[in-house]
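Q: What follows is protein_27.cif, mmCIF, C-alpha atoms.
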```
data_upload
#
loop_
_atom_site.label_atom_id
_atom_site.label_comp_id
_atom_site.auth_asym_id
_atom_site.auth_seq_id
_atom_site.Cartn_x
_atom_site.Cartn_y
_atom_site.Cartn_z
CA MET A 1 84.81 70.95 138.02
CA THR A 2 84.57 67.21 138.32
CA PHE A 3 84.92 65.23 141.49
CA GLY A 4 88.38 64.27 140.34
CA MET A 5 89.53 67.84 140.77
CA LEU A 6 89.36 67.29 144.52
CA LYS A 7 91.80 64.43 144.34
CA SER A 8 95.55 64.83 144.37
CA ASP A 9 97.57 64.21 141.22
CA GLU A 10 98.91 61.06 142.74
CA GLN A 11 95.44 59.75 143.58
CA LEU A 12 94.30 60.44 140.05
CA TYR A 13 97.39 58.70 138.75
CA GLN A 14 96.63 55.57 140.77
CA LEU A 15 93.06 55.54 139.44
CA MET A 16 94.34 56.14 135.95
CA LYS A 17 96.67 53.17 136.18
CA LYS A 18 93.64 51.04 136.91
CA GLY A 19 92.05 52.22 133.69
CA ASP A 20 89.90 55.09 135.02
CA SER A 21 89.43 57.33 131.99
CA GLN A 22 87.84 60.13 134.02
CA ALA A 23 90.85 60.26 136.33
CA PHE A 24 93.12 60.55 133.31
CA ALA A 25 90.91 63.26 131.83
CA ASP A 26 90.94 65.18 135.12
CA LEU A 27 94.70 64.96 135.31
CA TYR A 28 94.93 66.20 131.74
CA GLU A 29 92.60 69.13 132.39
CA ARG A 30 94.51 70.07 135.50
CA ARG A 31 98.06 69.91 134.18
CA GLU A 32 98.05 70.19 130.41
CA PRO A 33 97.53 73.96 130.00
CA ALA A 34 100.47 74.88 132.22
CA LEU A 35 102.70 72.27 130.61
CA TYR A 36 101.74 73.60 127.20
CA ARG A 37 102.48 77.20 128.21
CA TYR A 38 105.76 76.14 129.81
CA ALA A 39 106.82 74.41 126.60
CA LEU A 40 105.59 77.34 124.50
CA HIS A 41 107.60 79.87 126.46
CA MET A 42 110.64 77.59 126.50
CA THR A 43 110.63 76.71 122.79
CA GLY A 44 108.84 79.69 121.23
CA SER A 45 106.93 77.27 119.00
CA THR A 46 103.25 76.36 119.26
CA ALA A 47 103.83 73.13 117.34
CA ALA A 48 106.67 72.09 119.61
CA ALA A 49 104.64 73.02 122.69
CA GLU A 50 101.74 70.88 121.55
CA GLU A 51 104.03 67.97 120.86
CA VAL A 52 105.73 68.27 124.24
CA ALA A 53 102.48 68.54 126.20
CA GLN A 54 100.99 65.56 124.39
CA GLU A 55 104.08 63.44 124.81
CA VAL A 56 104.15 64.03 128.57
CA PHE A 57 100.75 62.36 128.85
CA VAL A 58 101.69 59.59 126.43
CA GLN A 59 104.66 58.80 128.62
CA LEU A 60 102.49 59.01 131.70
CA MET A 61 100.14 56.33 130.43
CA ALA A 62 102.94 54.04 129.27
CA ALA A 63 103.01 50.80 131.21
CA ASN A 64 106.67 51.22 132.00
CA THR A 65 106.44 54.82 133.17
CA ARG A 66 109.19 55.56 135.62
CA PHE A 67 107.19 57.76 137.97
CA ASP A 68 107.76 56.76 141.57
CA GLU A 69 105.58 58.47 144.15
CA ASN A 70 108.25 57.99 146.80
CA ARG A 71 110.75 60.04 144.85
CA GLY A 72 108.70 63.17 144.23
CA SER A 73 105.42 64.62 143.05
CA LEU A 74 103.71 63.66 139.83
CA GLU A 75 103.76 67.28 138.75
CA GLY A 76 107.52 67.39 139.26
CA TRP A 77 107.87 64.23 137.20
CA MET A 78 105.75 65.73 134.42
CA TYR A 79 107.85 68.88 134.31
CA GLY A 80 110.97 66.73 134.29
CA VAL A 81 109.69 64.91 131.21
CA ALA A 82 108.63 68.19 129.62
CA ARG A 83 112.08 69.68 130.29
CA ASN A 84 113.76 66.74 128.55
CA LEU A 85 111.41 67.04 125.62
CA VAL A 86 112.05 70.77 125.35
CA ARG A 87 115.78 70.05 125.31
CA VAL A 88 115.21 67.57 122.51
CA GLN A 89 113.15 70.11 120.59
CA ARG A 90 115.98 72.61 120.85
CA ARG A 91 118.48 70.04 119.68
CA LYS A 92 116.19 69.11 116.81
CA ALA A 93 115.96 72.74 115.82
CA GLY A 94 119.76 72.70 115.71
CA LYS A 95 120.34 75.69 117.90
CA PRO A 96 121.07 76.30 121.55
CA ALA A 97 118.27 78.82 122.06
CA PRO A 98 114.74 78.90 120.70
CA THR A 99 113.61 81.23 117.97
CA ALA A 100 113.11 84.80 119.03
CA SER A 101 109.48 84.94 118.00
CA LEU A 102 106.67 82.43 118.02
CA ASP A 103 106.49 80.43 114.80
CA SER A 104 102.79 81.15 114.61
CA GLU A 105 101.39 83.78 116.87
CA PRO A 106 98.78 82.35 119.22
CA VAL A 107 95.46 84.10 119.45
CA PHE A 108 95.43 86.24 122.55
CA GLU A 109 92.06 86.70 124.13
CA HIS A 110 92.85 89.33 126.72
CA ASP A 111 92.90 93.05 126.41
CA ILE A 112 96.51 93.39 127.43
CA LEU A 113 96.67 95.80 130.32
CA GLY A 114 94.13 98.00 128.63
CA GLY A 115 96.25 98.11 125.50
CA MET A 116 99.01 99.91 127.38
CA ILE A 117 101.66 97.50 126.24
CA ASP A 118 101.42 97.01 122.53
CA GLY A 119 102.21 93.97 120.45
CA GLU A 120 105.57 95.31 119.42
CA ASN A 121 106.78 95.52 122.98
CA LEU A 122 105.46 92.07 123.76
CA THR A 123 107.32 90.73 120.76
CA ALA A 124 110.46 92.41 122.02
CA LEU A 125 109.95 90.83 125.43
CA ARG A 126 109.33 87.38 123.94
CA ALA A 127 112.50 87.74 121.91
CA ALA A 128 114.42 88.77 125.02
CA VAL A 129 113.04 85.83 127.01
CA ALA A 130 113.91 83.47 124.16
CA GLU A 131 117.50 84.67 124.14
CA LEU A 132 118.03 83.97 127.83
CA PRO A 133 120.12 80.95 128.79
CA PRO A 134 117.71 78.02 129.33
CA ALA A 135 118.13 77.89 133.11
CA TYR A 136 117.42 81.62 133.44
CA ARG A 137 114.52 81.39 131.01
CA GLU A 138 113.01 78.53 133.01
CA ALA A 139 113.18 80.61 136.19
CA VAL A 140 111.37 83.50 134.48
CA VAL A 141 108.77 81.18 132.96
CA LEU A 142 107.96 79.46 136.22
CA CYS A 143 108.21 82.40 138.64
CA ASP A 144 107.05 85.38 136.60
CA LEU A 145 104.93 83.89 133.82
CA GLU A 146 103.39 80.99 135.71
CA GLU A 147 103.45 82.77 139.09
CA ARG A 148 105.02 79.89 140.96
CA ASN A 149 106.62 80.79 144.25
CA TYR A 150 110.29 80.00 144.77
CA ASP A 151 109.59 76.76 146.65
CA GLU A 152 107.36 75.41 143.90
CA ALA A 153 109.73 76.46 141.14
CA ALA A 154 112.66 74.86 142.97
CA ARG A 155 110.69 71.63 143.32
CA LEU A 156 109.80 71.60 139.64
CA MET A 157 113.31 72.47 138.50
CA GLY A 158 114.95 70.16 141.00
CA CYS A 159 117.32 72.73 142.43
CA PRO A 160 117.67 74.76 145.65
CA VAL A 161 115.46 77.78 146.31
CA GLY A 162 118.49 80.08 146.42
CA THR A 163 119.48 78.97 142.95
CA ILE A 164 116.06 79.84 141.59
CA ARG A 165 116.13 83.24 143.22
CA SER A 166 119.57 84.13 141.90
CA ARG A 167 118.77 82.86 138.40
CA LEU A 168 115.56 84.88 138.36
CA HIS A 169 117.31 88.05 139.51
CA ARG A 170 120.03 87.68 136.89
CA ALA A 171 117.44 86.91 134.23
CA ARG A 172 115.42 89.97 135.16
CA GLY A 173 118.51 92.13 134.97
CA LEU A 174 119.22 90.85 131.45
CA LEU A 175 115.60 91.28 130.37
CA ALA A 176 115.37 94.82 131.73
CA ALA A 177 118.53 95.77 129.88
CA LYS A 178 117.24 94.23 126.63
CA LEU A 179 113.91 96.01 126.93
CA LYS A 180 115.70 99.27 127.57
CA ARG A 181 117.86 98.74 124.47
CA ALA A 182 114.74 97.85 122.47
CA GLY A 183 113.30 101.21 123.48
CA ALA A 184 110.23 99.87 125.27
CA PRO A 185 108.37 102.75 126.92
CA VAL A 186 108.42 102.90 130.69
CA TYR A 187 105.07 102.71 132.46
CA ALA A 188 106.37 102.46 136.00
CA GLY A 189 106.12 105.11 138.63
CA SER A 190 105.04 103.85 142.02
CA ARG A 191 108.18 104.82 143.87
CA MET B 1 123.30 99.43 152.43
CA SER B 2 125.20 99.06 149.20
CA CYS B 3 123.55 99.04 145.78
CA GLU B 4 124.27 95.32 145.49
CA GLU B 5 122.54 94.62 148.78
CA ILE B 6 119.62 96.82 147.80
CA SER B 7 119.21 95.17 144.42
CA GLU B 8 117.71 91.93 145.71
CA LYS B 9 115.21 93.71 147.98
CA LEU B 10 114.35 96.04 145.15
CA VAL B 11 113.55 93.21 142.73
CA GLU B 12 111.47 91.39 145.32
CA SER B 13 109.49 94.54 146.14
CA VAL B 14 108.79 95.19 142.48
CA ARG B 15 107.82 91.57 141.78
CA LYS B 16 105.35 91.66 144.67
CA GLN B 17 104.18 95.09 143.50
CA MET B 18 104.89 96.56 146.91
CA ALA B 19 105.84 100.15 147.54
CA PRO B 20 109.52 100.49 148.45
CA GLY B 21 110.24 100.32 152.18
CA ALA B 22 111.77 103.20 154.12
CA ALA B 23 115.35 101.96 153.74
CA LEU B 24 114.90 101.41 150.03
CA ARG B 25 113.30 104.83 149.54
CA ALA B 26 116.11 106.49 151.45
CA HIS B 27 118.70 104.72 149.36
CA MET B 28 117.00 105.58 146.08
CA ARG B 29 116.73 109.25 147.02
CA ALA B 30 120.50 109.36 147.10
CA CYS B 31 121.22 106.88 144.30
CA PRO B 32 120.05 107.64 140.75
CA GLU B 33 121.30 104.26 139.50
CA CYS B 34 119.03 102.36 141.89
CA ARG B 35 116.14 104.68 140.99
CA ASP B 36 116.66 103.72 137.35
CA HIS B 37 116.97 100.10 138.36
CA TRP B 38 113.59 100.36 140.12
CA ASP B 39 111.94 101.91 137.09
CA GLU B 40 113.39 99.29 134.76
CA GLN B 41 112.22 96.48 136.99
CA GLU B 42 108.73 97.97 137.29
CA ASN B 43 108.60 98.29 133.54
CA LEU B 44 109.74 94.70 133.13
CA THR B 45 107.11 93.51 135.60
CA ALA B 46 104.38 95.25 133.62
CA HIS B 47 105.60 93.64 130.41
CA LEU B 48 105.84 90.20 131.97
CA LYS B 49 102.35 90.62 133.35
CA ALA B 50 101.09 91.46 129.88
CA MET B 51 102.86 88.41 128.49
CA ARG B 52 101.31 86.27 131.23
CA TYR B 53 97.81 87.58 130.49
CA ALA B 54 98.30 87.06 126.79
CA ALA B 55 99.16 83.40 127.31
CA ALA B 56 96.71 82.70 130.14
CA ASP B 57 94.15 80.83 128.05
CA LEU B 58 96.55 79.06 125.76
CA ARG B 59 96.57 75.29 125.65
CA SER B 60 96.85 72.51 123.11
CA PRO B 61 94.10 72.30 120.49
CA ALA B 62 91.10 70.09 121.23
CA ALA B 63 92.30 67.58 118.62
CA SER B 64 95.41 66.99 120.66
CA ARG B 65 93.34 66.26 123.76
CA GLU B 66 91.11 63.90 121.81
CA ALA B 67 94.13 62.05 120.43
CA VAL B 68 95.55 61.53 123.92
CA MET B 69 92.19 60.41 125.29
CA ALA B 70 91.69 57.99 122.39
CA ARG B 71 95.10 56.55 123.01
CA PHE B 72 94.28 56.03 126.67
CA ALA B 73 90.98 54.36 125.75
CA ALA B 74 92.72 52.09 123.25
CA GLN B 75 95.31 51.08 125.81
CA LYS B 76 92.56 50.45 128.32
CA ARG B 77 90.77 48.19 125.82
CA VAL B 78 93.89 46.08 125.45
CA HIS B 79 94.13 45.57 129.19
CA THR B 80 90.46 45.15 130.04
CA MET B 81 89.04 43.04 127.24
CA PRO B 82 86.36 40.73 128.76
CA GLY B 83 87.38 37.15 129.39
CA TRP B 84 84.98 35.64 126.89
CA ARG B 85 86.43 37.77 124.15
CA TRP B 86 89.92 36.65 125.05
CA ALA B 87 88.74 33.02 124.96
CA LEU B 88 87.06 33.52 121.61
CA ALA B 89 90.09 35.18 120.19
CA ALA B 90 92.29 32.40 121.53
CA ALA B 91 90.12 29.77 119.87
CA ALA B 92 90.45 31.58 116.59
CA ALA B 93 94.14 32.20 116.94
CA VAL B 94 95.27 28.90 115.54
CA ILE B 95 93.22 29.19 112.37
CA ILE B 96 93.99 32.81 111.75
CA SER B 97 97.66 32.54 112.42
CA ILE B 98 97.90 29.96 109.65
CA VAL B 99 96.02 32.19 107.22
CA ALA B 100 96.91 35.70 108.27
CA VAL B 101 100.51 35.67 109.43
CA PRO B 102 102.17 35.52 106.04
CA ASP B 103 99.90 38.26 104.70
CA PHE B 104 100.40 40.46 107.74
CA MET B 105 104.13 40.21 107.60
CA ARG B 106 104.10 41.45 104.04
CA ARG B 107 102.44 44.67 105.12
CA ALA B 108 104.45 47.78 105.63
CA VAL B 109 105.34 48.39 109.22
CA THR B 110 106.38 51.98 109.55
CA PRO B 111 107.57 53.96 112.55
CA ALA B 112 104.98 55.98 114.43
CA VAL B 113 106.82 57.11 117.48
CA THR B 114 106.79 60.89 117.31
CA PRO B 115 110.15 62.51 116.72
CA ALA B 116 109.96 64.10 120.14
CA ALA B 117 109.16 60.80 121.79
CA SER B 118 111.91 59.02 120.01
CA ALA B 119 114.51 61.64 120.67
CA ALA B 120 113.37 62.21 124.22
CA ALA B 121 113.46 58.54 124.96
CA ALA B 122 116.96 58.44 123.61
CA ASP B 123 117.76 61.48 125.68
CA MET B 124 116.61 59.65 128.77
CA GLY B 125 118.45 56.50 127.91
CA GLU B 126 115.39 54.65 126.69
CA PRO B 127 115.60 54.42 122.93
CA ALA B 128 112.10 54.24 121.49
CA GLU B 129 111.72 51.06 119.53
CA VAL B 130 110.66 51.29 115.95
CA GLN B 131 109.97 48.34 113.70
CA SER B 132 110.39 48.03 109.98
CA ASP B 133 108.87 45.37 107.77
CA GLU B 134 112.24 43.72 107.44
CA THR B 135 112.78 43.50 111.16
CA ALA B 136 109.35 42.90 112.70
CA GLU B 137 109.14 39.25 111.85
CA ALA B 138 112.82 38.67 112.34
CA GLU B 139 112.53 40.09 115.84
CA GLY B 140 109.99 37.54 116.93
CA PHE B 141 106.68 39.34 116.48
CA MET B 142 103.62 37.20 115.85
CA ALA B 143 100.56 38.53 114.04
CA VAL B 144 97.45 38.92 116.19
CA PRO B 145 94.38 37.20 114.74
CA PHE B 146 90.99 38.80 114.10
CA VAL B 147 92.09 42.39 113.94
CA PRO B 148 91.06 44.91 111.32
CA PRO B 149 93.50 45.17 108.43
CA LEU B 150 95.97 48.01 108.44
CA ALA B 151 95.20 50.98 106.26
CA ILE B 152 97.71 51.83 103.58
CA GLY B 153 100.44 53.81 105.20
CA GLU B 154 99.04 53.25 108.67
CA MET B 155 101.76 53.54 111.22
CA LEU B 156 102.54 51.15 114.02
CA ARG B 157 104.18 51.74 117.34
CA VAL B 158 105.69 49.41 119.89
CA VAL B 159 104.30 49.37 123.41
CA HIS B 160 106.12 47.57 126.17
CA THR B 161 103.68 46.05 128.63
CA GLU B 162 102.90 43.01 130.75
CA LEU B 163 100.25 40.48 129.80
CA ASN B 164 98.84 37.46 131.58
CA PRO B 165 98.84 34.08 129.85
CA ALA B 166 95.16 34.32 128.86
CA GLU B 167 95.79 37.63 127.18
CA LEU B 168 98.86 36.25 125.43
CA ALA B 169 96.91 33.21 124.26
CA SER B 170 94.20 35.38 122.81
CA LEU B 171 96.86 37.21 120.88
CA GLY B 172 97.96 33.98 119.30
CA VAL B 173 100.87 33.11 121.56
CA ASN B 174 101.26 29.47 122.53
CA VAL B 175 101.11 29.54 126.33
CA ASP B 176 101.52 26.85 128.97
CA PRO B 177 98.10 26.62 130.75
CA ALA B 178 99.84 26.26 134.10
CA TRP B 179 101.54 29.61 133.70
CA THR B 180 99.83 32.23 135.89
CA THR B 181 102.01 35.28 136.27
CA GLN B 182 102.21 38.24 133.93
CA LEU B 183 104.95 38.34 131.35
CA PRO B 184 106.71 41.28 129.76
CA ALA B 185 105.61 41.63 126.17
CA ASP B 186 105.83 44.05 123.28
CA LEU B 187 102.74 44.94 121.27
CA LEU B 188 102.66 46.47 117.83
CA LEU B 189 99.69 48.82 117.94
CA GLY B 190 97.98 50.37 114.97
CA GLU B 191 96.85 53.97 114.98
CA ASP B 192 93.47 52.80 116.31
CA GLY B 193 95.23 51.32 119.35
CA MET B 194 94.47 47.72 118.37
CA PRO B 195 97.33 45.23 118.73
CA ARG B 196 98.49 43.87 115.36
CA ALA B 197 101.40 41.74 116.52
CA VAL B 198 102.86 40.54 119.79
CA ARG B 199 106.24 39.46 121.02
CA VAL B 200 107.08 38.08 124.43
CA SER B 201 110.10 39.98 125.64
CA GLU B 202 113.38 38.19 125.89
CA ALA B 203 113.57 39.21 129.53
CA SER B 204 110.92 36.59 130.26
CA ASP B 205 112.29 33.35 131.57
CA GLY B 206 109.77 31.33 129.65
CA GLY B 207 106.79 29.29 130.64
CA PHE B 208 106.07 28.30 127.10
#
```
Will you turn the file into structure tokens for me?

A:
Amino acid sequence: MTFGMLKSDEQLYQLMKKGDSQAFADLYERREPALYRYALHMTGSTAAAEEVAQEVFVQLMAANTRFDENRGSLEGWMYGVARNLVRVQRRKAGKPAPTASLDSEPVFEHDILGGMIDGENLTALRAAVAELPPAYREAVVLCDLEERNYDEAARLMGCPVGTIRSRLHRARGLLAAKLKRAGAPVYAGSR
Amino acid sequence: MSCEEISEKLVESVRKQMAPGAALRAHMRACPECRDHWDEQENLTAHLKAMRYAAADLRSPAASREAVMARFAAQKRVHTMPGWRWALAAAAAVIISIVAVPDFMRRAVTPAVTPAASAAAADMGEPAEVQSDETAEAEGFMAVPFVPPLAIGEMLRVVHTELNPAELASLGVNVDPAWTTQLPADLLLGEDGMPRAVRVSEASDGGF
């Protein structure tokens, strides 16, 4: 962890604007992975995710960047840019929803829940997430895959907390039904 | 409580991996549909958790990071070039512009704005500007002296920025010495981040 990790995004941004490469690198290290994952889950494409994440930082360093600290957080601005880029990616792909499976499967490092949930079921879940309407998918990505609380997700999506909650609940209902139809085994049992 | 009322509490309990409260347990004892709903949501939570773990370490490849950092460094070089270098470049500008401008303008000037950038900019009402060899000169770009030649097929991109008169002079622009404020300008940057041509934006009210 560098010293820059103790600074807020906005402080790093101000330093970055003055040409501080370390501040820019710290900002990149802090925010890029989540932006990449967000774009990956939203588009289903590793190439598109890479392009989106990179372009967010290119826009951030542009002299005419429209980020205004008085109008919101830098992170919110970055997600706003990423959301627009994801929309463009979808339009480019010529379809309203992303592909059901990742165009090239990323390498997963973790032993997934002790191997309890196999690759087939994960693929089914990814396909189900990809088929959700974008607003529902975004709620699932932020709240359940990125573990953002409702307040944070609402800030990043620019909508009320209640909207996030209702979108997430509807999305989870749709996903549960799809998993059930796909025949995914049930591992629950804490009730 | 009705099933509809229970549903929201049920999802929240499952998401937080909490055991169902007394009211929820009582309801589920009498309601097979809500029991199924609980199981489905628990199952979904386990799957989402697996998906989260699987993606936890994912990020862009190192090459992508290096490209962004190089771009930042190149941009920084443009803005922080030492004064003596600007002066030297300015002194050379007159000679080089005579020799190099015609040659430069014959070179291919191809778009380098990524498709995502271009489309996103358009999406946000800011069309990304792309130059072609036919239009670069016609649109008022001047070649910058003393820069490495472009590689064959090297792509250029337009960067909108603000430059002070000394910086503009060093890029070969004829500037009034009394002019002190920064002016909006467009730079054509090569893939190495070095400016190859400059144009003072039309928004400027002059000074030269």

Q: Using the chain letters and numbers from this file, what does the PyMOL selection byres ((chain B and resi 69) around 12) select? Give the answer as JSON, numbers by chain.

A: {"A": [16, 19, 20, 21, 22, 23, 24, 25, 26, 27, 28, 29, 54, 57, 58, 61], "B": [62, 63, 64, 65, 66, 67, 68, 70, 71, 72, 73, 74, 75, 76, 192, 193]}

Q: Can you pull out every residue within 12 Å of Gly21 (chain B), counting all atoms listed in the file, but drop anything in the same chain fewer than 2 positions away, and send it as JSON, numbers by chain?

A: {"A": [190, 191], "B": [6, 9, 10, 12, 13, 14, 17, 18, 19, 23, 24, 25, 26, 27, 28]}

Q: Output C-alpha atoms for every residue in the selection just made, as a short mmCIF file (atom, residue, chain, number, x, y, z; two decimals), in the frame of the given file.

A:
```cif
data_model
loop_
_atom_site.label_atom_id
_atom_site.label_comp_id
_atom_site.auth_asym_id
_atom_site.auth_seq_id
_atom_site.Cartn_x
_atom_site.Cartn_y
_atom_site.Cartn_z
CA SER A 190 105.04 103.85 142.02
CA ARG A 191 108.18 104.82 143.87
CA ILE B 6 119.62 96.82 147.80
CA LYS B 9 115.21 93.71 147.98
CA LEU B 10 114.35 96.04 145.15
CA GLU B 12 111.47 91.39 145.32
CA SER B 13 109.49 94.54 146.14
CA VAL B 14 108.79 95.19 142.48
CA GLN B 17 104.18 95.09 143.50
CA MET B 18 104.89 96.56 146.91
CA ALA B 19 105.84 100.15 147.54
CA ALA B 23 115.35 101.96 153.74
CA LEU B 24 114.90 101.41 150.03
CA ARG B 25 113.30 104.83 149.54
CA ALA B 26 116.11 106.49 151.45
CA HIS B 27 118.70 104.72 149.36
CA MET B 28 117.00 105.58 146.08
#
```

Q: What residues come out when you apply the PyMOL selection byres ((chain B and resi 143) around 6) to this file, written as a PyMOL selection string?

A: chain B and resi 101+142+144+196-197

Q: Please identify every residue of chain B that has at least one atom no more than 6 Å from any atom of chain A, counting only C-alpha atoms, and report them as number ranges by chain.

A: B: 39-40, 42-44, 50, 52, 54, 59-60, 76, 120, 161

Q: Counting all atoms listed in the file, figure out which residue out of A:Leu156, A:Leu12, A:Ala128, A:Ala39 gets nearest to Leu174 (chain A).

A: A:Ala128

Q: Could you check which of B:Arg15, B:Val200, B:Met194, B:Leu156 is closest to Lys49 (chain B), using only C-alpha atoms?

A: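 Using only C-alpha atoms, Lys49 (chain B) sits closest to B:Arg15.
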
Q: Quick one: everything within 9 Å of Met157 (chain A), counting all atoms listed in the file, minus sequence neighbours fewer than 2 positions away in the same chain. Send it as a ChimeraX atom specification.

A: /A:76,79-80,83,138-139,152-155,159-160,164

Q: Between B:Leu189, B:Asn164, B:Glu4, B:Lys16, which one has atoms that come closest to Gln41 (chain B), using all atoms listed in the file?

A: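 Nearest to Gln41 (chain B): B:Lys16.
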
Q: Write out as a list of chain:residue names which residues come within 10 Å of Leu163 (chain B) when counting all atoms listed in the file, dropping same-chain ones fewer than 4 positions away.

A: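 Skipping anything fewer than 4 positions along the chain leaves B:Val78, B:His79, B:Glu167, B:Leu168, B:Ala169, B:Thr181, B:Gln182, B:Leu183, B:Pro184, B:Ala185, B:Asp186, B:Leu187, B:Val200.
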
Q: Take region 5-26 of chain A from the block and save it with N, CA and C atoms, as a PDB file, in the first residue's frame.

A:
```
ATOM      1  N   MET A   5      -2.772   5.597  -0.936  1.00  0.00           N
ATOM      2  CA  MET A   5      -3.970   4.840  -0.590  1.00  0.00           C
ATOM      3  C   MET A   5      -4.705   5.467   0.599  1.00  0.00           C
ATOM      4  N   LEU A   6      -4.017   6.317   1.341  1.00  0.00           N
ATOM      5  CA  LEU A   6      -4.662   6.967   2.473  1.00  0.00           C
ATOM      6  C   LEU A   6      -5.434   8.215   2.042  1.00  0.00           C
ATOM      7  N   LYS A   7      -5.195   8.643   0.864  1.00  0.00           N
ATOM      8  CA  LYS A   7      -5.861   9.850   0.359  1.00  0.00           C
ATOM      9  C   LYS A   7      -7.197   9.477  -0.277  1.00  0.00           C
ATOM     10  N   SER A   8      -8.094  10.456  -0.286  1.00  0.00           N
ATOM     11  CA  SER A   8      -9.384  10.213  -0.935  1.00  0.00           C
ATOM     12  C   SER A   8      -9.181  10.220  -2.449  1.00  0.00           C
ATOM     13  N   ASP A   9     -10.172   9.696  -3.157  1.00  0.00           N
ATOM     14  CA  ASP A   9     -10.129   9.723  -4.618  1.00  0.00           C
ATOM     15  C   ASP A   9      -9.969  11.151  -5.116  1.00  0.00           C
ATOM     16  N   GLU A  10     -10.703  12.032  -4.493  1.00  0.00           N
ATOM     17  CA  GLU A  10     -10.707  13.417  -4.958  1.00  0.00           C
ATOM     18  C   GLU A  10      -9.351  14.080  -4.725  1.00  0.00           C
ATOM     19  N   GLN A  11      -8.714  13.735  -3.604  1.00  0.00           N
ATOM     20  CA  GLN A  11      -7.371  14.284  -3.352  1.00  0.00           C
ATOM     21  C   GLN A  11      -6.378  13.751  -4.384  1.00  0.00           C
ATOM     22  N   LEU A  12      -6.486  12.465  -4.660  1.00  0.00           N
ATOM     23  CA  LEU A  12      -5.597  11.881  -5.668  1.00  0.00           C
ATOM     24  C   LEU A  12      -5.844  12.518  -7.034  1.00  0.00           C
ATOM     25  N   TYR A  13      -7.107  12.792  -7.306  1.00  0.00           N
ATOM     26  CA  TYR A  13      -7.447  13.407  -8.592  1.00  0.00           C
ATOM     27  C   TYR A  13      -6.801  14.789  -8.721  1.00  0.00           C
ATOM     28  N   GLN A  14      -6.873  15.560  -7.632  1.00  0.00           N
ATOM     29  CA  GLN A  14      -6.276  16.900  -7.676  1.00  0.00           C
ATOM     30  C   GLN A  14      -4.763  16.802  -7.912  1.00  0.00           C
ATOM     31  N   LEU A  15      -4.121  15.853  -7.233  1.00  0.00           N
ATOM     32  CA  LEU A  15      -2.680  15.662  -7.428  1.00  0.00           C
ATOM     33  C   LEU A  15      -2.385  15.216  -8.861  1.00  0.00           C
ATOM     34  N   MET A  16      -3.231  14.325  -9.339  1.00  0.00           N
ATOM     35  CA  MET A  16      -3.072  13.815 -10.692  1.00  0.00           C
ATOM     36  C   MET A  16      -3.158  14.937 -11.718  1.00  0.00           C
ATOM     37  N   LYS A  17      -4.076  15.850 -11.504  1.00  0.00           N
ATOM     38  CA  LYS A  17      -4.248  16.958 -12.444  1.00  0.00           C
ATOM     39  C   LYS A  17      -3.011  17.849 -12.493  1.00  0.00           C
ATOM     40  N   LYS A  18      -2.247  17.786 -11.401  1.00  0.00           N
ATOM     41  CA  LYS A  18      -1.000  18.577 -11.390  1.00  0.00           C
ATOM     42  C   LYS A  18       0.173  17.767 -11.962  1.00  0.00           C
ATOM     43  N   GLY A  19      -0.122  16.591 -12.448  1.00  0.00           N
ATOM     44  CA  GLY A  19       0.925  15.798 -13.096  1.00  0.00           C
ATOM     45  C   GLY A  19       1.557  14.743 -12.211  1.00  0.00           C
ATOM     46  N   ASP A  20       0.961  14.469 -11.046  1.00  0.00           N
ATOM     47  CA  ASP A  20       1.535  13.485 -10.115  1.00  0.00           C
ATOM     48  C   ASP A  20       1.226  12.062 -10.621  1.00  0.00           C
ATOM     49  N   SER A  21       2.244  11.416 -11.156  1.00  0.00           N
ATOM     50  CA  SER A  21       2.046  10.076 -11.727  1.00  0.00           C
ATOM     51  C   SER A  21       1.671   9.060 -10.650  1.00  0.00           C
ATOM     52  N   GLN A  22       2.262   9.201  -9.469  1.00  0.00           N
ATOM     53  CA  GLN A  22       1.979   8.248  -8.391  1.00  0.00           C
ATOM     54  C   GLN A  22       0.512   8.333  -7.968  1.00  0.00           C
ATOM     55  N   ALA A  23       0.002   9.563  -7.916  1.00  0.00           N
ATOM     56  CA  ALA A  23      -1.412   9.730  -7.554  1.00  0.00           C
ATOM     57  C   ALA A  23      -2.298   9.045  -8.586  1.00  0.00           C
ATOM     58  N   PHE A  24      -1.943   9.195  -9.847  1.00  0.00           N
ATOM     59  CA  PHE A  24      -2.726   8.554 -10.905  1.00  0.00           C
ATOM     60  C   PHE A  24      -2.630   7.025 -10.786  1.00  0.00           C
ATOM     61  N   ALA A  25      -1.415   6.546 -10.501  1.00  0.00           N
ATOM     62  CA  ALA A  25      -1.229   5.100 -10.348  1.00  0.00           C
ATOM     63  C   ALA A  25      -2.024   4.573  -9.154  1.00  0.00           C
ATOM     64  N   ASP A  26      -2.035   5.324  -8.069  1.00  0.00           N
ATOM     65  CA  ASP A  26      -2.802   4.903  -6.888  1.00  0.00           C
ATOM     66  C   ASP A  26      -4.301   4.843  -7.187  1.00  0.00           C
TER      67      ASP A  26
END
```
